[in-house]
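Text of entry.cif (mmCIF, C-alpha atoms and all ligand atoms) as supplied:
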data_my_file
#
loop_
_atom_site.label_atom_id
_atom_site.label_comp_id
_atom_site.auth_asym_id
_atom_site.auth_seq_id
_atom_site.Cartn_x
_atom_site.Cartn_y
_atom_site.Cartn_z
CA MET A 1 2.84 -42.60 34.58
CA SER A 2 0.44 -39.79 33.82
CA LEU A 3 -0.69 -37.47 36.58
CA LEU A 4 -4.38 -36.64 36.55
CA ILE A 5 -4.08 -34.13 39.37
CA GLU A 6 -1.07 -31.95 39.91
CA VAL A 7 -1.10 -29.40 42.70
CA ARG A 8 2.01 -27.58 43.81
CA GLY A 9 2.51 -25.07 46.58
CA LEU A 10 -1.18 -24.32 46.98
CA GLN A 11 -1.88 -21.41 49.32
CA LYS A 12 -5.17 -20.06 50.60
CA ARG A 13 -5.87 -17.29 53.05
CA PHE A 14 -9.15 -16.07 54.57
CA GLY A 15 -8.53 -12.52 55.75
CA ALA A 16 -5.65 -12.70 58.20
CA THR A 17 -5.87 -16.50 58.55
CA THR A 18 -3.64 -18.57 56.29
CA VAL A 19 -5.34 -21.93 55.89
CA LEU A 20 -3.19 -23.63 53.24
CA ARG A 21 0.53 -22.90 53.36
CA GLY A 22 1.82 -24.71 50.30
CA VAL A 23 0.09 -28.03 49.73
CA ASP A 24 1.29 -30.44 47.03
CA LEU A 25 -0.69 -33.31 45.56
CA CYS A 26 0.35 -35.43 42.60
CA GLN A 27 -2.16 -38.09 41.81
CA THR A 28 -2.23 -40.67 39.04
CA ARG A 29 -5.36 -41.79 37.22
CA GLY A 30 -7.22 -44.41 39.23
CA GLU A 31 -5.56 -43.54 42.49
CA CYS A 32 -7.51 -42.77 45.65
CA VAL A 33 -5.81 -40.35 48.03
CA ALA A 34 -7.29 -39.82 51.48
CA LEU A 35 -6.75 -36.55 53.30
CA ILE A 36 -6.94 -36.71 57.07
CA GLY A 37 -6.19 -34.24 59.82
CA PRO A 38 -7.68 -32.33 62.73
CA SER A 39 -10.81 -30.26 62.32
CA GLY A 40 -10.02 -26.83 60.90
CA CYS A 41 -6.69 -27.86 59.32
CA GLY A 42 -7.90 -26.97 55.81
CA LYS A 43 -9.10 -30.26 54.31
CA SER A 44 -12.40 -28.91 52.97
CA THR A 45 -10.72 -25.74 51.79
CA PHE A 46 -8.23 -27.81 49.82
CA LEU A 47 -11.00 -29.84 48.14
CA ARG A 48 -12.97 -26.69 47.42
CA CYS A 49 -9.93 -25.11 45.74
CA LEU A 50 -9.66 -28.19 43.48
CA ASN A 51 -13.01 -27.45 41.87
CA GLN A 52 -12.98 -23.71 42.45
CA LEU A 53 -15.65 -23.43 45.10
CA GLU A 54 -12.77 -21.40 46.54
CA THR A 55 -10.07 -19.67 44.54
CA ALA A 56 -6.57 -20.39 45.82
CA ASP A 57 -4.22 -17.41 46.29
CA ALA A 58 -1.01 -18.95 44.98
CA GLY A 59 0.52 -22.15 43.68
CA THR A 60 -0.23 -24.19 40.59
CA LEU A 61 -3.20 -26.42 40.01
CA ARG A 62 -4.09 -28.80 37.19
CA VAL A 63 -6.98 -31.25 36.94
CA GLY A 64 -6.90 -33.42 33.83
CA ASP A 65 -6.11 -31.21 30.85
CA GLN A 66 -7.29 -28.10 32.63
CA THR A 67 -4.87 -25.70 34.27
CA VAL A 68 -6.67 -23.70 36.91
CA PRO A 69 -5.28 -20.25 37.58
CA THR A 70 -4.68 -19.19 41.17
CA GLY A 71 -5.16 -15.67 42.47
CA GLN A 72 -8.09 -15.07 40.11
CA PRO A 73 -11.40 -16.82 39.46
CA LEU A 74 -11.94 -18.98 36.38
CA ALA A 75 -14.01 -17.79 33.44
CA MET A 76 -17.54 -19.20 33.58
CA SER A 77 -17.16 -21.69 30.71
CA ASP A 78 -13.89 -23.06 32.18
CA LEU A 79 -15.54 -23.24 35.60
CA ARG A 80 -18.37 -25.35 34.21
CA ARG A 81 -15.91 -27.70 32.58
CA LEU A 82 -13.88 -28.04 35.79
CA ARG A 83 -16.97 -28.73 37.92
CA GLN A 84 -18.14 -31.34 35.41
CA ASN A 85 -14.77 -33.05 35.48
CA ALA A 86 -14.21 -32.89 39.25
CA GLY A 87 -17.47 -34.03 40.83
CA MET A 88 -18.10 -33.14 44.46
CA VAL A 89 -19.82 -35.25 47.11
CA PHE A 90 -20.60 -33.46 50.36
CA GLN A 91 -21.07 -34.64 53.92
CA GLN A 92 -24.68 -33.38 53.92
CA PHE A 93 -25.68 -34.84 50.50
CA HIS A 94 -27.19 -31.56 49.17
CA LEU A 95 -29.91 -33.25 47.11
CA PHE A 96 -32.87 -31.32 45.74
CA PRO A 97 -35.54 -32.09 48.37
CA HIS A 98 -38.58 -31.89 46.08
CA ARG A 99 -37.16 -34.11 43.36
CA THR A 100 -37.02 -37.87 43.26
CA ALA A 101 -33.76 -39.80 43.28
CA LEU A 102 -34.10 -40.25 39.52
CA GLU A 103 -34.71 -36.53 38.91
CA ASN A 104 -31.78 -35.59 41.14
CA VAL A 105 -29.45 -37.78 39.10
CA MET A 106 -30.91 -36.65 35.75
CA GLU A 107 -30.33 -32.96 36.47
CA GLY A 108 -26.67 -32.88 35.41
CA PRO A 109 -27.03 -34.98 32.23
CA LEU A 110 -29.99 -32.83 31.16
CA TYR A 111 -28.73 -29.35 31.93
CA VAL A 112 -24.94 -29.69 31.97
CA LEU A 113 -24.31 -32.39 29.37
CA GLY A 114 -27.37 -31.43 27.32
CA GLN A 115 -28.58 -35.02 26.97
CA SER A 116 -32.13 -35.77 25.85
CA ARG A 117 -34.63 -36.78 28.57
CA ALA A 118 -34.60 -40.38 27.38
CA VAL A 119 -30.81 -40.67 27.46
CA ALA A 120 -30.52 -38.80 30.79
CA GLU A 121 -33.11 -41.07 32.33
CA GLN A 122 -31.35 -44.19 31.11
CA THR A 123 -28.02 -42.93 32.49
CA ALA A 124 -29.66 -42.10 35.83
CA ARG A 125 -31.36 -45.49 36.10
CA GLU A 126 -28.11 -47.28 35.37
CA LEU A 127 -26.20 -45.27 37.96
CA LEU A 128 -28.88 -45.68 40.62
CA GLY A 129 -28.78 -49.41 39.91
CA LYS A 130 -25.03 -49.39 40.31
CA VAL A 131 -25.27 -47.82 43.79
CA GLY A 132 -27.94 -50.35 44.77
CA LEU A 133 -30.99 -48.10 44.51
CA ALA A 134 -32.86 -49.47 41.51
CA ALA A 135 -35.92 -49.95 43.72
CA ARG A 136 -35.81 -46.40 45.09
CA VAL A 137 -35.67 -44.27 41.94
CA ASP A 138 -39.04 -42.61 42.61
CA HIS A 139 -38.36 -41.77 46.25
CA ARG A 140 -37.67 -38.23 47.36
CA PRO A 141 -34.72 -37.57 49.72
CA ALA A 142 -36.96 -37.40 52.82
CA GLN A 143 -38.19 -40.91 52.02
CA LEU A 144 -34.65 -42.28 51.95
CA SER A 145 -32.18 -43.10 54.73
CA GLY A 146 -28.99 -41.07 55.04
CA GLY A 147 -26.98 -43.89 53.46
CA GLN A 148 -29.40 -44.05 50.54
CA GLN A 149 -29.32 -40.27 50.10
CA GLN A 150 -25.54 -40.29 50.02
CA ARG A 151 -25.62 -43.03 47.38
CA VAL A 152 -27.98 -40.89 45.30
CA ALA A 153 -25.50 -38.01 45.69
CA ILE A 154 -22.68 -40.27 44.48
CA ALA A 155 -24.76 -41.38 41.48
CA ARG A 156 -25.53 -37.74 40.74
CA ALA A 157 -21.82 -36.84 40.78
CA LEU A 158 -21.01 -39.81 38.50
CA ALA A 159 -23.73 -38.81 36.05
CA LEU A 160 -21.53 -35.97 34.77
CA ARG A 161 -18.84 -38.52 33.87
CA PRO A 162 -16.12 -36.81 35.91
CA GLU A 163 -12.50 -37.92 35.76
CA VAL A 164 -12.20 -37.41 39.50
CA LEU A 165 -14.54 -37.47 42.49
CA LEU A 166 -13.90 -35.11 45.40
CA LEU A 167 -15.51 -36.44 48.57
CA ASP A 168 -15.78 -34.35 51.73
CA GLU A 169 -16.41 -36.65 54.69
CA PRO A 170 -18.99 -38.73 52.81
CA THR A 171 -19.79 -41.01 55.77
CA SER A 172 -19.58 -38.49 58.64
CA ALA A 173 -23.27 -37.53 58.70
CA LEU A 174 -24.40 -41.16 58.69
CA ASP A 175 -25.40 -43.40 61.56
CA PRO A 176 -22.62 -45.97 62.02
CA GLU A 177 -24.80 -48.83 60.77
CA LEU A 178 -25.41 -46.99 57.47
CA ARG A 179 -21.75 -46.28 56.75
CA ASP A 180 -20.96 -49.66 55.26
CA GLU A 181 -23.32 -49.26 52.32
CA VAL A 182 -21.52 -46.06 51.31
CA ARG A 183 -18.08 -47.57 51.99
CA ASP A 184 -19.01 -50.50 49.74
CA VAL A 185 -20.01 -48.20 46.89
CA LEU A 186 -16.82 -46.13 47.16
CA ALA A 187 -14.59 -49.20 47.43
CA GLY A 188 -16.33 -50.56 44.31
CA LEU A 189 -15.70 -47.34 42.41
CA ASN A 190 -12.06 -47.45 43.44
CA ASP A 191 -11.79 -51.04 42.16
CA GLU A 192 -13.18 -49.87 38.84
CA GLY A 193 -10.43 -47.26 38.60
CA MET A 194 -12.23 -44.08 39.64
CA THR A 195 -9.79 -41.40 40.77
CA MET A 196 -10.79 -39.97 44.15
CA VAL A 197 -9.67 -37.35 46.61
CA LEU A 198 -11.28 -38.39 49.86
CA VAL A 199 -11.42 -36.22 52.97
CA THR A 200 -12.44 -38.46 55.82
CA HIS A 201 -12.20 -39.29 59.50
CA ASP A 202 -13.55 -42.75 58.71
CA MET A 203 -10.52 -44.98 59.10
CA ASP A 204 -12.39 -48.04 57.84
CA LEU A 205 -13.26 -46.19 54.65
CA ALA A 206 -9.68 -44.94 54.22
CA ARG A 207 -8.27 -48.42 54.77
CA ARG A 208 -10.63 -49.93 52.20
CA THR A 209 -10.31 -47.34 49.46
CA ALA A 210 -7.19 -45.22 49.83
CA ASP A 211 -3.97 -46.08 48.06
CA ARG A 212 -2.24 -43.29 49.92
CA VAL A 213 -3.06 -41.15 52.95
CA LEU A 214 -1.90 -37.59 53.52
CA PHE A 215 -1.95 -36.07 56.98
CA LEU A 216 -2.65 -32.35 56.90
CA SER A 217 -1.69 -30.21 59.86
CA GLU A 218 -1.91 -26.44 60.06
CA GLY A 219 -2.11 -26.04 56.31
CA LEU A 220 0.73 -28.38 55.32
CA VAL A 221 1.02 -32.06 54.45
CA THR A 222 3.27 -33.25 57.25
CA GLU A 223 3.10 -36.97 56.67
CA SER A 224 2.08 -39.42 53.95
CA GLY A 225 2.08 -43.14 53.33
CA THR A 226 -0.12 -46.13 52.71
CA PRO A 227 -3.07 -46.43 55.11
CA GLU A 228 -1.20 -49.28 56.81
CA GLU A 229 1.97 -47.22 57.28
CA LEU A 230 0.24 -44.10 58.48
CA PHE A 231 -2.34 -45.72 60.73
CA THR A 232 -0.06 -48.23 62.40
CA ALA A 233 3.20 -46.29 62.54
CA PRO A 234 2.67 -42.53 62.35
CA ARG A 235 5.99 -40.73 62.49
CA THR A 236 4.96 -37.44 64.02
CA GLU A 237 3.48 -36.75 67.43
CA ARG A 238 0.64 -34.74 65.87
CA ALA A 239 -0.45 -37.60 63.66
CA ARG A 240 -0.16 -40.04 66.57
CA GLU A 241 -2.38 -37.85 68.75
CA PHE A 242 -4.91 -37.31 65.99
CA LEU A 243 -5.20 -41.03 65.22
CA LYS A 244 -5.61 -41.87 68.90
CA ARG A 245 -8.52 -39.42 69.07
CA VAL A 246 -10.38 -40.56 65.94
CA ARG A 247 -10.04 -44.22 66.91
CA ALA A 248 -11.43 -43.58 70.39
N1 LIG A 301 -15.23 -19.09 53.69
C1 LIG A 301 -14.45 -18.98 54.78
N2 LIG A 301 -14.22 -17.78 55.34
C2 LIG A 301 -13.42 -17.64 56.40
N3 LIG A 301 -12.78 -18.66 56.99
C3 LIG A 301 -12.97 -19.89 56.50
C4 LIG A 301 -13.82 -20.11 55.36
N4 LIG A 301 -13.78 -21.44 55.08
C5 LIG A 301 -12.98 -22.00 55.99
N5 LIG A 301 -12.48 -21.08 56.83
C6 LIG A 301 -11.54 -21.33 57.92
O1 LIG A 301 -10.45 -22.05 57.40
C7 LIG A 301 -9.99 -23.03 58.31
C8 LIG A 301 -9.99 -24.39 57.64
O2 LIG A 301 -11.35 -24.78 57.42
P1 LIG A 301 -11.72 -26.13 56.68
O3 LIG A 301 -11.02 -26.20 55.39
O4 LIG A 301 -13.20 -26.20 56.67
O5 LIG A 301 -11.11 -27.22 57.67
P2 LIG A 301 -11.40 -28.79 57.79
O6 LIG A 301 -12.23 -29.21 56.62
O7 LIG A 301 -10.04 -29.42 57.82
O8 LIG A 301 -12.11 -28.98 59.09
C9 LIG A 301 -10.88 -22.93 59.53
O9 LIG A 301 -10.22 -22.13 60.49
C10 LIG A 301 -12.11 -22.24 59.01
O10 LIG A 301 -12.75 -21.50 60.01
MG MG A 302 -14.13 -30.01 56.51
#
Take the structure in the file and give it back as structure tokens.
Ligand SMILES: Nc1ncnc2c1ncn2[C@@H]1O[C@H](COP(=O)(O)OP(=O)(O)O)[C@@H](O)[C@H]1O
Ligand SMILES: [Mg+2]
Amino acid sequence: MSLLIEVRGLQKRFGATTVLRGVDLCQTRGECVALIGPSGCGKSTFLRCLNQLETADAGTLRVGDQTVPTGQPLAMSDLRRLRQNAGMVFQQFHLFPHRTALENVMEGPLYVLGQSRAVAEQTARELLGKVGLAARVDHRPAQLSGGQQQRVAIARALALRPEVLLLDEPTSALDPELRDEVRDVLAGLNDEGMTMVLVTHDMDLARRTADRVLFLSEGLVTESGTPEELFTAPRTERAREFLKRVRA
């Protein structure tokens, strides 16, 4: 069983505030791990440390064949490789507003992978087709619904051929009726064997895609299990309270 992601004892501090107090994550290829927990408990910080949007202070961190040092930033060429291999999808999509869906997805293949325009365009069309947007390739973000924009963002992340997708609350900014289209895409990717680290409050999404759920509380993983185990029989009072609130 080969681990694609191996994180041990990860610590991160902002000034006097310690946000991560020693988080471990061992994840096999093809596995989807959901990270849940109260607002401010460090979920986004953890994801950001995985692809070095933040530099962790201590612990060990490996993604694929790349060991990421803690306590010091990565060299630029290593950073590029890490970001290519660990694609990020944000709550607020972060698409280029003046570019079409196709151009947004082509950006990475052109400028990061160095593909020719023809190849990049073919890749982008295929990926937009895969997320159900073949008919929307020439639309700009403002001409797309939130669910469509998030699907463009997922296609854009996939265009770099990452080994793992890091998703930070991918359905939280969407109207409830638009969440299913994004859940369907992510569940499909999971079925195809995409490795994912998924921060979410969306219990339907976690149930559909996650093989394992970790509950993060005050900078530590305090509970873990299958979605079924954790959602129906949380062991700690904190997890029970949290689940009661997000279900309400
Ligand atoms: N760049 C930063 N500078 C200072 N504090 C930060 C920064 N990023 C996050 N924090 C703090 O770290 C804590 C965890 O934040 P975050 O990881 O965003 O939590 P979550 O995603 O679980 O809601 C919060 O108290 C937040 O204010
Ligand atoms: Mg967050």
Handout entry: Neighbourhood of ligand MG 302 (chain A) at 12 Å, counting only C-alpha atoms and all ligand atoms, reported as an MDAnalysis selection string
Key = chainID A and resid 19 35:48 90:92 167:170 172 198:201 216
Handout entry: Spatial neighbours of Arg80 of chain A, 12 Å, only C-alpha atoms, chain gap at least 2 places, as JSON, numbers by chain
Key = {"A": [51, 52, 53, 66, 74, 75, 76, 77, 78, 82, 83, 84, 85, 86, 87, 108, 111, 112, 113, 160, 162]}
Exercise for the section: Using atom CA of Glu177 of chain A and atom CA of Ala34 of chain A as the two end points, give the distance in Å to one decimal. Expected result: 21.8 Å
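In this comparison, which uses all atoms listed in the file, the residue of A:Ile5, A:Ala101, A:Ala206, A:Val182 approaching Val131 of chain A most closely is A:Val182.
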Problem - Which residue of A:Glu218, A:Asp211, A:Glu121, A:Asp184 approaches ligand LIG 301 (chain A) most closely, using only C-alpha atoms and all ligand atoms - result: A:Glu218
Practice task
Please provide the set of residues having any atom within 10 Å of Phe96 of chain A, restricted to only C-alpha atoms, with same-chain residues fewer than 2 positions apart removed, written as a PyMOL selection string.
Solution key: chain A and resi 93-94+98-101+103-105+107+140-141+153
Problem - Distance of atom CA of Gly188 of chain A from atom CA of Glu163 of chain A, expressed in Å to one decimal place - result: 15.7 Å
Fill in the blank from the handout: What separates atom CA of Asn190 of chain A and atom CA of Thr209 of chain A is a distance of 6.3 Å
Problem - Pick from A:Gly15, A:Gly64, A:Pro109, A:Pro176 nearest to ligand LIG 301 (chain A), counting only C-alpha atoms and all ligand atoms - result: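 Comparing A:Gly15, A:Gly64, A:Pro109, A:Pro176 against ligand LIG 301 (chain A), the winner is A:Gly15.
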Exercise for the section: Counting all atoms listed in the file, figure out which residue out of A:Leu10, A:Val89, A:Ala142, A:Cys32 gets nearest to Arg208 of chain A. Expected result: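 Among A:Leu10, A:Val89, A:Ala142, A:Cys32, it is A:Cys32 that comes nearest to Arg208 of chain A.
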Practice task
Skip Leu4 of chain A itself and residues of its chain fewer than 5 positions away, then list as a PyMOL selection string all residues within 9 Å of it, counting all atoms listed in the file.
Solution key: chain A and resi 26-30+62-65+163-164+195
Exercise for the section: Find, counting all atoms listed in the file, the residue in A:Val119, A:Leu110, A:Leu3, A:Leu166 that gets nearest to Cys49 of chain A. Expected result: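 For Cys49 of chain A, the nearest of the given residues is A:Leu166.
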Handout entry: Shell around Val246 of chain A at 9 Å using all atoms listed in the file, local window under 4 positions removed, as a count of residues only
Key = 5
